[in-house]
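S.K.: I am attaching a structure below and will ask some questions about it afterwards.
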Amino acid sequence: MKILMATWEFPPYKVGGIASHCEDLSRALTQLGHAVHILTYGHEDSTSTNKDGVVVHRLHSTDKAPDTASWAQYLGLRMEQKAVSLFREHGGFDLVHAHDWMMVPAGVGIKKLLGIPLVFTLHSTEAGRSSIHDSYTKMINDLEWLGTFESAKTITVGADFCDEVRHLFNVPQEKIHYIPNGVDVSKFDKLKYFVDRNDYAASWEKIILFVGRLTHQKGLEFLLSAAPEVLKHHPEAKFVIAGGGDIDYYKSMAYRLGLGGKALFTGYVDQDFLPSLYSTADIVVAPSIYEPFGIVALESSAARKPIVGSYTGGLKETIIHEWNGLHTYPANWQSIAHQLNRVLSDDSWADWMGQNGRSRVEREYSWEKIAYWTIGVYGQVIGLW
Amino acid sequence: MLAREFNHGEPVSDYCKALAMFLTSKKGWTVDLVVFGSLTHSSDETLSENFHVHRVPFPIHTDSYFNWMMLVNNEFKLKGRELYTKKRAFDIIHANDWSTAPAAISLSKYLELPVTMTLHSTENQRGFGTPHSSIISTMEWFACFEIPKIIVSSNDTLNSLKYDLGVPEGKMLLARTYEAGWERIIADYFESVVSASANAKKKEEDAARK
């Protein structure tokens with residue numbers, strides 16, 4: 001198949017998880033023999049073929065846009081015009097696959113202009129991320145709806161999330177699919193970039209690692225609130241918070257809770273260093289309030305670490321309670337403290353859960369498997385089966 | 001022909017109607033005008049023997065005119081492609097203002113047809129008074145860059161294009177709507193473009209045959 005994939009971020013430009021998702025998926029599709037052309041943002045226009053054989057077309061947008069939506073509209077127009085020239089050059093494409101609301105203008109434009117089907121992946125919704133409280137957030141919500149409406153198939157990254165999207169946007173059941181994210185375990189076996197554990201904790205301390213954007217959605221306030229209770233029983237615990245966002249807010253919260261040196265805020269950590277950072281951890285924690293998928297659970301399992309995460313969204317399926325990690329009640333610091341204390345009290349159980357997690361992600365969350373499922377959806381869209 | 005709307009008394013609508021009537025009655029051309037219709041309904045009307053108006057629907061509101069118009073342009077692209085596939089008879093695409101330029105440019109690239117645009121006014125002339133004025137002006141610049149000839153209806157707009165957007169004077173065609181014969185100026189220009197395009201295509205075909 002010849003696939004056009006539209007994503008506003010693609011490595012090395014990375015803000016959220018979509019960049020890595022598209023990089024891993026496009027590589028896996030290419031390895032299965034399909035041609036993938038990525039349309040994405042760049043500081044300047046360029047075309048290159050990456051090491052995986054994926055052709056990446058970068059297009060500049062405008063610095064005159066007053067908001068993200070209009071910036072994405074302009075980028076979408078530029079992508080669409082690039083798609084026309086690629087369409088001629090390569091004798092057509094079978095479909096266009098757009099990721100999240102920012103690529104709805106591009107995806108719909110390409111679909112309508114070139115007359116090829118649209119596949120749309122939703123990674124999260126505005127209703128879940130924040131709330132629909134003004135005309136701007138309503139427009140984003142409507143663009144998400146438009147993506148589901150115009151697409152031949154909509155893909156969601158979580159089973160619970162699939163139901164959420166289906167009900168939120170009234171998507172017919174036969175039109176919507178759940179395909180999880182994957183994880184490339186080789187990145188966790190052959191580390192290319194290393195962090196020094198001594199920069200994060202003393203040798204006698206046990207690292208409890210949080211990875212994610214510092215926003216309300218990720219529930220960090222509940223982890224910080226749990227920390228004093230954990231430290232009362234396990235003074236060896238050390239909370240390492242990796243991620244950008246509202247860092248000052250959470251630092252001041254840690255200060256008010258008296259966490260002192262027991263909470264370390266690293267700021268944003270480049271994706272290349274994450275496997276090494278996971279390897280330094282003893283436990284990974286995901287206290288999210290809203291989490292469509294929660295890639296952090298797969299990454300902790302790939303690094304053979306137990307995960308303590310909220311019983312919400314994708315974490316419901318990626319964590320098997322007391323087997324590869326522990327579930328907590330969402331938005332409940334007592335539950336987080338209780339489960340962290342349980343894992344910290346039993347090192348061999350923690351190791352066992354880490355090993356279980358690793359074997360599960362190898363078996364069920366490989367990108368090759370996810371690419372096969374995605375091809376299954378593509379095939380339905382273009383009438384192969 | 002592409003325009004944002006087609007309503008009696010609205011200046012751009014009246015301009016499109018007058019030009020279309022001239023092209024159909026005096027030159028014997030066929031004009032298909034594609035405009036926005038409503039949230040839910042599309043319609044096709046025939047105003048005279050060879051003048052058809054196609055209203056396309058778009059189902060959502062947005063926070064700003066810019067974002068809405070950009071999305072409505074996707075519907076223009078679909079309608080333009082469908083009409084072309086059905087009729088196979090277009091010789092030129094004519095946009096009206098930045099609000100239809102994205103669809104006109106994309107369709108011209110995809111269908112390999114010549115494109116032109118009338119810029120009825122610029123964002124600078126309108127006062128640059130909204131948060132999206134900068135990006136609208138950028139879109140006007142982009143359209144003037146991509147489209148070979150820009151038709152203007154007044155000296156004010158010509159000057160705004162020249163000094164605010166940096167458009168070379170030779171790239172503009174002035175057809176003052178308050179002077180008789182403006183439709184003929186545009187129609188003659190359309191004919192010259194279509195004729196040049198046909199000659200270029202013939203040359204390409206001859207070269208390919210050789």
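Identifiers in this document derive from the order of the structure tokens: chains are assigned A, B, ..., residues are numbered from 1 separately in each chain, and ligands are numbered from 1 in order of occurrence.
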Taking a cut-off of 7 Å and counting only C-alpha atoms, can you build a table that, for each residue of chain A near chain B, reports the nearest atom pair and how far apart they are in Å (one decimal), sorted by chain then residue number, as CSV?
M.R.:
residue,atom,partner,partner_atom,distance
A:Lys64,CA,B:Ile135,CA,5.1
A:Ala65,CA,B:Ile135,CA,5.4
A:Pro66,CA,B:His132,CA,6.2
A:Ser70,CA,B:Asn67,CA,5.9
A:Gln73,CA,B:Met70,CA,6.8
A:Gln81,CA,B:Ser106,CA,6.0
A:Val84,CA,B:Tyr110,CA,5.9
A:Pro105,CA,B:Leu71,CA,6.5
A:Val108,CA,B:Asn74,CA,6.8
A:Gly109,CA,B:Asn74,CA,5.0
A:Lys112,CA,B:Leu78,CA,4.7
A:Leu113,CA,B:Lys77,CA,5.4
A:Ser135,CA,B:Asp63,CA,5.1
A:Tyr136,CA,B:Asp63,CA,5.3
A:Met139,CA,B:Thr62,CA,5.0
A:Asp142,CA,B:Ile60,CA,6.8
S.K.: Let me see the file: selected residues, C-alpha atoms, as a CSV table (one decimal), in the first residue's frame.
M.R.:
chain,number,residue,atom,x,y,z
A,64,LYS,CA,1.5,34.9,11.9
A,65,ALA,CA,-1.1,32.6,13.4
A,66,PRO,CA,-2.8,33.8,16.7
A,70,SER,CA,-5.1,28.6,12.7
A,73,GLN,CA,-5.0,25.2,9.2
A,81,GLN,CA,-0.5,21.1,-1.8
A,84,VAL,CA,-0.9,17.0,-4.8
A,105,PRO,CA,-8.0,20.2,8.3
A,108,VAL,CA,-10.1,16.3,5.2
A,109,GLY,CA,-8.6,18.6,2.6
A,112,LYS,CA,-11.7,15.8,-0.6
A,113,LEU,CA,-9.1,17.1,-3.1
A,135,SER,CA,-15.7,28.8,21.6
A,136,TYR,CA,-12.1,27.7,21.0
A,139,MET,CA,-14.1,24.2,17.9
A,142,ASP,CA,-16.0,19.8,16.7
S.K.: Got a sec to tell me which of stretch 73-193 of chain B DSSP assigns to helix (DSSP H, G or I), as number ranges by chain?
M.R.: B: 73-87, 98-111, 123-126, 133-146, 155-163, 169-171, 182-193
S.K.: Please provide the set of residues having any atom within 7 Å of A:Ala242, restricted to only C-alpha atoms, with same-chain residues fewer than 5 positions apart removed, written as a PyMOL selection string.
M.R.: chain A and resi 210-212+265-269
S.K.: Extract, using only C-alpha atoms, all DNA, RNA and protein residues at most 6 Å from stretch 36-41 of chain B, discarding same-chain residues fewer than 5 positions from it, and format them as a PyMOL selection string.
M.R.: chain B and resi 4-5+55-59
S.K.: Write out as a list of chain:residue names which residues come within 8 Å of stretch 51-62 of chain A when counting only C-alpha atoms, dropping same-chain ones fewer than 4 positions away.
M.R.: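 Once the adjacent positions are removed, what remains is A:Ser26, A:Arg27, A:Thr30, A:Gln31, A:Ala35, A:Val36, A:His37, A:Ile38, A:Leu39, A:Thr40, A:Tyr41, A:Gly42, A:His43, A:Glu44, A:Asp45, A:Ser46, A:Thr47, A:Trp71, A:Ala72, A:Tyr74, A:Leu75, A:Arg78, A:Met79, B:Ile135.
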S.K.: At what distance in Å, to one decimal, does atom CA of A:Ala337 lie from atom CA of A:Gly244?
M.R.: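 Atom CA of A:Ala337 lies 23.7 Å from atom CA of A:Gly244.
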S.K.: Can you tell me which residues surround stretch 165-177 of chain B at a distance of at most 6 Å, considering only C-alpha atoms, apart from same-chain residues fewer than 2 positions away, and format the answer as number ranges by chain?
M.R.: B: 141, 149-154, 161-163, 179, 182
S.K.: Could you write those residues out with C-alpha atoms, as an mmCIF file, in the first residue's frame?
M.R.:
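Final output, saved to again-v2.cif:
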data_model
loop_
_atom_site.group_PDB
_atom_site.id
_atom_site.type_symbol
_atom_site.label_atom_id
_atom_site.label_comp_id
_atom_site.auth_asym_id
_atom_site.auth_seq_id
_atom_site.Cartn_x
_atom_site.Cartn_y
_atom_site.Cartn_z
ATOM 1 C CA TRP B 141 0.137 37.274 0.192
ATOM 2 C CA LYS B 149 -2.558 37.390 -12.254
ATOM 3 C CA ILE B 150 -4.585 39.218 -9.615
ATOM 4 C CA ILE B 151 -7.634 41.181 -10.728
ATOM 5 C CA VAL B 152 -8.464 44.298 -8.707
ATOM 6 C CA SER B 153 -11.521 46.520 -8.888
ATOM 7 C CA SER B 154 -10.102 49.805 -7.660
ATOM 8 C CA LEU B 161 -1.477 45.038 -3.085
ATOM 9 C CA LYS B 162 1.512 46.953 -4.338
ATOM 10 C CA TYR B 163 2.600 48.568 -1.071
ATOM 11 C CA GLU B 179 -16.573 51.966 -15.184
ATOM 12 C CA TRP B 182 -15.042 45.958 -16.714
#
S.K.: Contacts of A:Glu126 at 12 Å or less, counting only C-alpha atoms, minus same-chain residues fewer than 4 places along, as a count of residues only?
M.R.: 26
S.K.: As a list of chain:residue names, which residues of stretch 36-99 of chain B does DSSP assign to strand (DSSP E or B)?
M.R.: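 The residues of stretch 36-99 of chain B classed as strand (DSSP E or B) are B:Phe36, B:Ser43, B:Asp44, B:Glu45, B:Thr46, B:Leu47, B:Ser48, B:Phe51, B:His52, B:Val53, B:His54, B:Arg55, B:Val56, B:Ile93, B:His94, B:Ala95, B:Asn96.
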S.K.: How many Å separate atom CA of B:Ile147 from atom CA of B:Asp97?
M.R.: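 Calculated distance between atom CA of B:Ile147 and atom CA of B:Asp97 is 11.9 Å.
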S.K.: Between B:Ala187, B:Phe51, B:Val34, B:Asn159, which one has atoms that come closest to B:Ala95, using only C-alpha atoms?
M.R.: B:Val34
S.K.: Take atom CA of A:Ser301 and atom CA of A:Leu264 and report the distance between them in Å, one decimal.
M.R.: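 According to the coordinates, atom CA of A:Ser301 and atom CA of A:Leu264 are separated by 22.5 Å.
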S.K.: Here is a test: counting only C-alpha atoms, which residue of A:Pro275, A:Pro172, A:Pro228, A:Pro306 is nearest to A:Val185?
M.R.: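 Closest to A:Val185 of all the choices is A:Pro275.
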